[in-house]
Every structure is written in structure tokens, then in C-alpha cells.
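Text of the file final_17.csv, holding CSV, C-alpha atoms:
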chain,number,residue,atom,x,y,z
Q,1,MET,CA,0.2,10.1,-40.8
Q,2,ARG,CA,0.6,6.7,-39.2
Q,3,GLU,CA,4.1,7.5,-37.9
Q,4,PHE,CA,2.9,10.8,-36.5
Q,5,SER,CA,0.1,9.1,-34.5
Q,6,LYS,CA,2.4,6.4,-33.2
Q,7,VAL,CA,4.9,9.1,-31.9
Q,8,LEU,CA,2.0,11.0,-30.3
Q,9,GLY,CA,0.6,7.8,-28.7
Q,10,SER,CA,4.0,6.7,-27.4
Q,11,ASN,CA,4.6,10.1,-25.9
Q,12,MET,CA,1.2,10.1,-24.3
Q,13,ARG,CA,1.9,6.7,-22.7
Q,14,GLN,CA,5.3,7.9,-21.4
Q,15,ALA,CA,3.8,11.0,-19.9
Q,16,ARG,CA,1.0,9.1,-18.3
Q,17,GLN,CA,3.4,6.5,-16.8
Q,18,ARG,CA,5.7,9.3,-15.6
Q,19,ILE,CA,2.9,10.6,-13.4
Q,20,ASN,CA,1.8,7.1,-12.3
Q,21,LEU,CA,-1.7,7.1,-13.8
Q,22,THR,CA,-3.5,4.3,-15.5
Q,23,GLN,CA,-5.3,4.6,-18.8
Q,24,GLU,CA,-8.5,4.2,-16.9
Q,25,GLN,CA,-7.7,7.2,-14.6
Q,26,VAL,CA,-6.8,9.4,-17.5
Q,27,ALA,CA,-9.8,8.4,-19.5
Q,28,GLU,CA,-12.1,9.1,-16.5
Q,29,SER,CA,-10.4,12.5,-16.0
Q,30,LEU,CA,-11.1,13.3,-19.7
Q,31,ASP,CA,-14.6,11.9,-19.6
Q,32,MET,CA,-14.1,9.4,-22.4
Q,33,PRO,CA,-14.2,5.7,-22.7
Q,34,VAL,CA,-10.9,4.0,-21.8
Q,35,GLU,CA,-11.1,2.1,-25.1
Q,36,VAL,CA,-10.9,5.5,-27.0
Q,37,TYR,CA,-8.0,6.7,-24.9
Q,38,GLY,CA,-6.2,3.4,-25.4
Q,39,ARG,CA,-6.6,3.7,-29.2
Q,40,MET,CA,-5.0,7.1,-29.0
Q,41,GLU,CA,-2.0,5.7,-27.0
Q,42,ARG,CA,-1.6,2.9,-29.6
Q,43,GLY,CA,-1.6,5.4,-32.4
Q,44,SER,CA,-4.6,4.1,-34.2
Q,45,MET,CA,-6.7,7.3,-33.4
Q,46,LEU,CA,-5.8,11.0,-33.2
Q,47,PRO,CA,-7.5,13.3,-30.7
Q,48,ARG,CA,-9.4,16.3,-31.8
Q,49,MET,CA,-7.8,19.6,-31.0
Q,50,GLU,CA,-9.9,20.4,-27.9
Q,51,MET,CA,-9.2,16.9,-26.6
Q,52,PHE,CA,-5.5,17.2,-27.3
Q,53,VAL,CA,-5.3,20.3,-25.2
Q,54,ALA,CA,-7.2,18.5,-22.4
Q,55,ILE,CA,-4.8,15.6,-22.6
Q,56,CYS,CA,-1.8,17.9,-22.4
Q,57,ARG,CA,-3.2,19.4,-19.2
Q,58,THR,CA,-4.1,16.1,-17.7
Q,59,LEU,CA,-0.7,14.6,-18.4
Q,60,GLY,CA,1.2,17.7,-17.4
Q,61,ALA,CA,2.9,17.9,-20.7
Q,62,THR,CA,3.3,20.6,-23.3
Q,63,PRO,CA,2.0,20.1,-26.9
Q,64,ASP,CA,5.6,20.1,-28.1
Q,65,GLN,CA,6.5,17.2,-25.7
Q,66,LEU,CA,3.6,15.1,-26.8
Q,67,LEU,CA,4.1,15.8,-30.5
Q,68,GLY,CA,7.8,14.9,-30.2
Q,69,TYR,CA,9.3,18.3,-30.8
Q,70,SER,CA,10.8,18.9,-27.3
Q,71,GLN,CA,12.2,16.6,-24.6
Q,72,THR,CA,12.4,19.3,-21.9
Q,73,ARG,CA,9.6,21.1,-20.1
Q,74,PRO,CA,9.9,24.9,-20.6
Q,75,ASP,CA,9.7,27.3,-17.7
Q,76,PRO,CA,6.2,28.8,-17.2
Q,77,ILE,CA,5.7,32.1,-19.0
Q,78,PHE,CA,3.7,33.6,-16.1
File written out as C-alpha cells:
Amino acid sequence: MREFSKVLGSNMRQARQRINLTQEQVAESLDMPVEVYGRMERGSMLPRMEMFVAICRTLGATPDQLLGYSQTRPDPIF
């Protein structure tokens, strides 16, 4: 479980940096304390499913990308 949370956190950090946002900006957008978001990026805490979906949207990433299953962004289905 620890390795999974580290991969997720690392991918969240990379996605956030790719769109030039700070942890504070992302946390504010998600209406959570920056300390909580920081713990997720460090891999010491996993988000709940609803929050994971919100994180994907905020970071402009697919669940597969953040979970480490895909390195490319798929074309929209609509």
C-alpha cells in the first residue's frame, strides 16, 4: 500500500507542477488544508474517492495517469 500511495503522490506532484500551480493553490481549489494536500503528495495519505475525482479534474489528469497506469492523455470521448 505504501508504494501505491508514493506513486500516486509523485504523479500528483508532477501533474501540479506541469500546470504551474502551488500546493496552496490546489488545496484552495479543493477546499482543503494545504497540509492535507501535502500529505497526499508525499504519499503518507490517500484521498477518498470523491476527492480523488476532484483532484484529477483540478490537475487536468486522468485517473490512470495519477495512478501510474498511463503516461499519455487519451482523446476526449465526447
(request) Report the distance between atom CA of Gln65 of chain Q and atom CA of Leu8 of chain Q in Å, rounded to one decimal place. (result)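 A separation of 8.9 Å between them.
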(message) Between Q:Leu59, Q:Leu46, Q:Val34, Q:Met51, which residue has the minimum interatomic distance to Leu21 of chain Q, considering only C-alpha atoms?
(response)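 For Leu21 of chain Q, the nearest of the candidates is Q:Leu59.
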Shell of 12 Å around Val53 of chain Q, all atoms listed in the file, local chain residues under 6 positions omitted, as a short mmCIF file (atom, residue, chain, number, x, y, z; two decimals) with C-alpha atoms, in the coordinates of the input:
data_model
loop_
_atom_site.label_atom_id
_atom_site.label_comp_id
_atom_site.auth_asym_id
_atom_site.auth_seq_id
_atom_site.Cartn_x
_atom_site.Cartn_y
_atom_site.Cartn_z
CA LEU Q 30 -11.10 13.30 -19.70
CA PRO Q 47 -7.50 13.30 -30.70
CA LEU Q 59 -0.70 14.60 -18.40
CA GLY Q 60 1.20 17.70 -17.40
CA ALA Q 61 2.90 17.90 -20.70
CA THR Q 62 3.30 20.60 -23.30
CA PRO Q 63 2.00 20.10 -26.90
CA ASP Q 64 5.60 20.10 -28.10
CA LEU Q 66 3.60 15.10 -26.80
CA LEU Q 67 4.10 15.80 -30.50
#
(request) Counting all atoms listed in the file, figure out which residue out of Q:Gln14, Q:Gln23, Q:Thr58, Q:Ser5 gets nearest to Val36 of chain Q. (result)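 Going through Q:Gln14, Q:Gln23, Q:Thr58, Q:Ser5 one by one, the smallest distance to Val36 of chain Q is for Q:Gln23.
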(request) Would you mind listing what lies within 6 Å of segment 40-45 of chain Q as a PyMOL selection string, with only C-alpha atoms counted and same-chain residues fewer than 4 positions away left out? (result) chain Q and resi 5-6+9+13
(message) When you count only C-alpha atoms, which of these residues is closest to Val26 of chain Q: Q:Arg2, Q:Ile55, Q:Ser10, Q:Met49?
(response)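 Smallest separation from Val26 of chain Q among the options: Q:Ile55.
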(message) Between atom CA of Val7 of chain Q and atom CA of Ser29 of chain Q, what is the distance in Å, rounded to a tenth?
(response)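 Calculated distance between atom CA of Val7 of chain Q and atom CA of Ser29 of chain Q is 22.3 Å.
Each of Q:Glu3, Q:Asn11, Q:Tyr37, Q:Cys56 was compared to Glu24 of chain Q using only C-alpha atoms, and Q:Tyr37 turns out to be the nearest.
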(message) Which residue is closest to Arg39 of chain Q? Choose from Q:Asn20, Q:Met12, Q:Gln25, Q:Arg57 and count only C-alpha atoms.
(response) Q:Met12
